[in-house]
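Shown next, in structure tokens, is the structure this report addresses.
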Amino acid sequence: MDSSAYNRYLAAIKEANACEASRARELLRQIQADMIANYGASDRDVEYLIRQFRYNI
């Protein structure tokens, strides 16, 4: 994952984490699905970003 994509995902995760719980979980699911579709579940950056989620989804 390039640094630009990493920073975009990180910013989106921070915004989602700041939302109300049910909305946050929905947004985080979408972010996770997009990251995995584009970079795969075993990508180290994807794994790290998923650990930044405030909620388990």
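Lettering and numbering for the structure tokens are positional, with chains as A, B, ... in the shown order, residues counted from 1 in each chain, and ligands counted from 1 in the shown order.
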
query = Skipping near chain neighbours, those fewer than 4 positions away, what residues fall within 12 Å of Ala24 of chain A using only C-alpha atoms, listed as an MDAnalysis selection string?
reply = chainID A and resid 12:20 28:32 53:57

Dump as a PDB file, in the first residue's frame, selection limited to N, CA and C atoms:
ATOM      1  N   ALA A  12      -9.857   8.123   7.265  1.00  0.00           N
ATOM      2  CA  ALA A  12     -11.223   7.611   7.243  1.00  0.00           C
ATOM      3  C   ALA A  12     -11.533   6.816   8.503  1.00  0.00           C
ATOM      4  N   ILE A  13     -10.574   6.038   8.969  1.00  0.00           N
ATOM      5  CA  ILE A  13     -10.760   5.255  10.193  1.00  0.00           C
ATOM      6  C   ILE A  13     -10.933   6.181  11.391  1.00  0.00           C
ATOM      7  N   LYS A  14     -10.129   7.212  11.470  1.00  0.00           N
ATOM      8  CA  LYS A  14     -10.251   8.163  12.582  1.00  0.00           C
ATOM      9  C   LYS A  14     -11.618   8.842  12.571  1.00  0.00           C
ATOM     10  N   GLU A  15     -12.102   9.212  11.403  1.00  0.00           N
ATOM     11  CA  GLU A  15     -13.425   9.824  11.301  1.00  0.00           C
ATOM     12  C   GLU A  15     -14.514   8.845  11.700  1.00  0.00           C
ATOM     13  N   ALA A  16     -14.412   7.611  11.243  1.00  0.00           N
ATOM     14  CA  ALA A  16     -15.404   6.596  11.587  1.00  0.00           C
ATOM     15  C   ALA A  16     -15.389   6.322  13.088  1.00  0.00           C
ATOM     16  N   ASN A  17     -14.210   6.253  13.679  1.00  0.00           N
ATOM     17  CA  ASN A  17     -14.106   6.008  15.115  1.00  0.00           C
ATOM     18  C   ASN A  17     -14.790   7.095  15.939  1.00  0.00           C
ATOM     19  N   ALA A  18     -14.877   8.293  15.389  1.00  0.00           N
ATOM     20  CA  ALA A  18     -15.472   9.417  16.100  1.00  0.00           C
ATOM     21  C   ALA A  18     -17.003   9.427  16.008  1.00  0.00           C
ATOM     22  N   CYS A  19     -17.569   8.585  15.165  1.00  0.00           N
ATOM     23  CA  CYS A  19     -19.022   8.539  14.982  1.00  0.00           C
ATOM     24  C   CYS A  19     -19.692   7.738  16.089  1.00  0.00           C
ATOM     25  N   GLU A  20     -21.002   7.846  16.139  1.00  0.00           N
ATOM     26  CA  GLU A  20     -21.822   7.040  17.044  1.00  0.00           C
ATOM     27  C   GLU A  20     -21.578   5.563  16.726  1.00  0.00           C
ATOM     28  N   LEU A  28     -16.686   1.288   9.412  1.00  0.00           N
ATOM     29  CA  LEU A  28     -15.477   0.473   9.548  1.00  0.00           C
ATOM     30  C   LEU A  28     -15.583  -0.811   8.731  1.00  0.00           C
ATOM     31  N   ARG A  29     -16.771  -1.398   8.665  1.00  0.00           N
ATOM     32  CA  ARG A  29     -16.965  -2.589   7.815  1.00  0.00           C
ATOM     33  C   ARG A  29     -16.677  -2.254   6.354  1.00  0.00           C
ATOM     34  N   GLN A  30     -17.167  -1.097   5.915  1.00  0.00           N
ATOM     35  CA  GLN A  30     -16.945  -0.680   4.533  1.00  0.00           C
ATOM     36  C   GLN A  30     -15.461  -0.430   4.271  1.00  0.00           C
ATOM     37  N   ILE A  31     -14.804   0.225   5.201  1.00  0.00           N
ATOM     38  CA  ILE A  31     -13.375   0.500   5.055  1.00  0.00           C
ATOM     39  C   ILE A  31     -12.594  -0.809   5.001  1.00  0.00           C
ATOM     40  N   GLN A  32     -12.912  -1.725   5.910  1.00  0.00           N
ATOM     41  CA  GLN A  32     -12.224  -3.017   5.945  1.00  0.00           C
ATOM     42  C   GLN A  32     -12.428  -3.770   4.634  1.00  0.00           C
ATOM     43  N   PHE A  53      -9.097   0.212  14.513  1.00  0.00           N
ATOM     44  CA  PHE A  53     -10.556   0.327  14.648  1.00  0.00           C
ATOM     45  C   PHE A  53     -10.927   0.414  16.124  1.00  0.00           C
ATOM     46  N   ARG A  54     -11.824   1.313  16.439  1.00  0.00           N
ATOM     47  CA  ARG A  54     -12.286   1.465  17.812  1.00  0.00           C
ATOM     48  C   ARG A  54     -13.185   0.309  18.239  1.00  0.00           C
ATOM     49  N   TYR A  55     -13.904  -0.246  17.289  1.00  0.00           N
ATOM     50  CA  TYR A  55     -14.855  -1.317  17.557  1.00  0.00           C
ATOM     51  C   TYR A  55     -14.453  -2.576  16.804  1.00  0.00           C
ATOM     52  N   ASN A  56     -14.723  -3.723  17.395  1.00  0.00           N
ATOM     53  CA  ASN A  56     -14.579  -4.987  16.673  1.00  0.00           C
ATOM     54  C   ASN A  56     -15.776  -5.136  15.769  1.00  0.00           C
ATOM     55  N   ILE A  57     -15.519  -5.510  14.536  1.00  0.00           N
ATOM     56  CA  ILE A  57     -16.646  -5.668  13.604  1.00  0.00           C
ATOM     57  C   ILE A  57     -16.730  -7.075  13.088  1.00  0.00           C
TER      58      ILE A  57
END

I need the residues in chain A that are alpha helix (DSSP H) according to DSSP; give them as JSON, numbers by chain. {"A": [3, 4, 5, 6, 7, 8, 9, 10, 11, 12, 13, 14, 15, 16, 17, 21, 22, 23, 24, 25, 26, 27, 28, 29, 30, 31, 32, 33, 34, 35, 36, 37, 38, 39, 44, 45, 46, 47, 48, 49, 50, 51]}
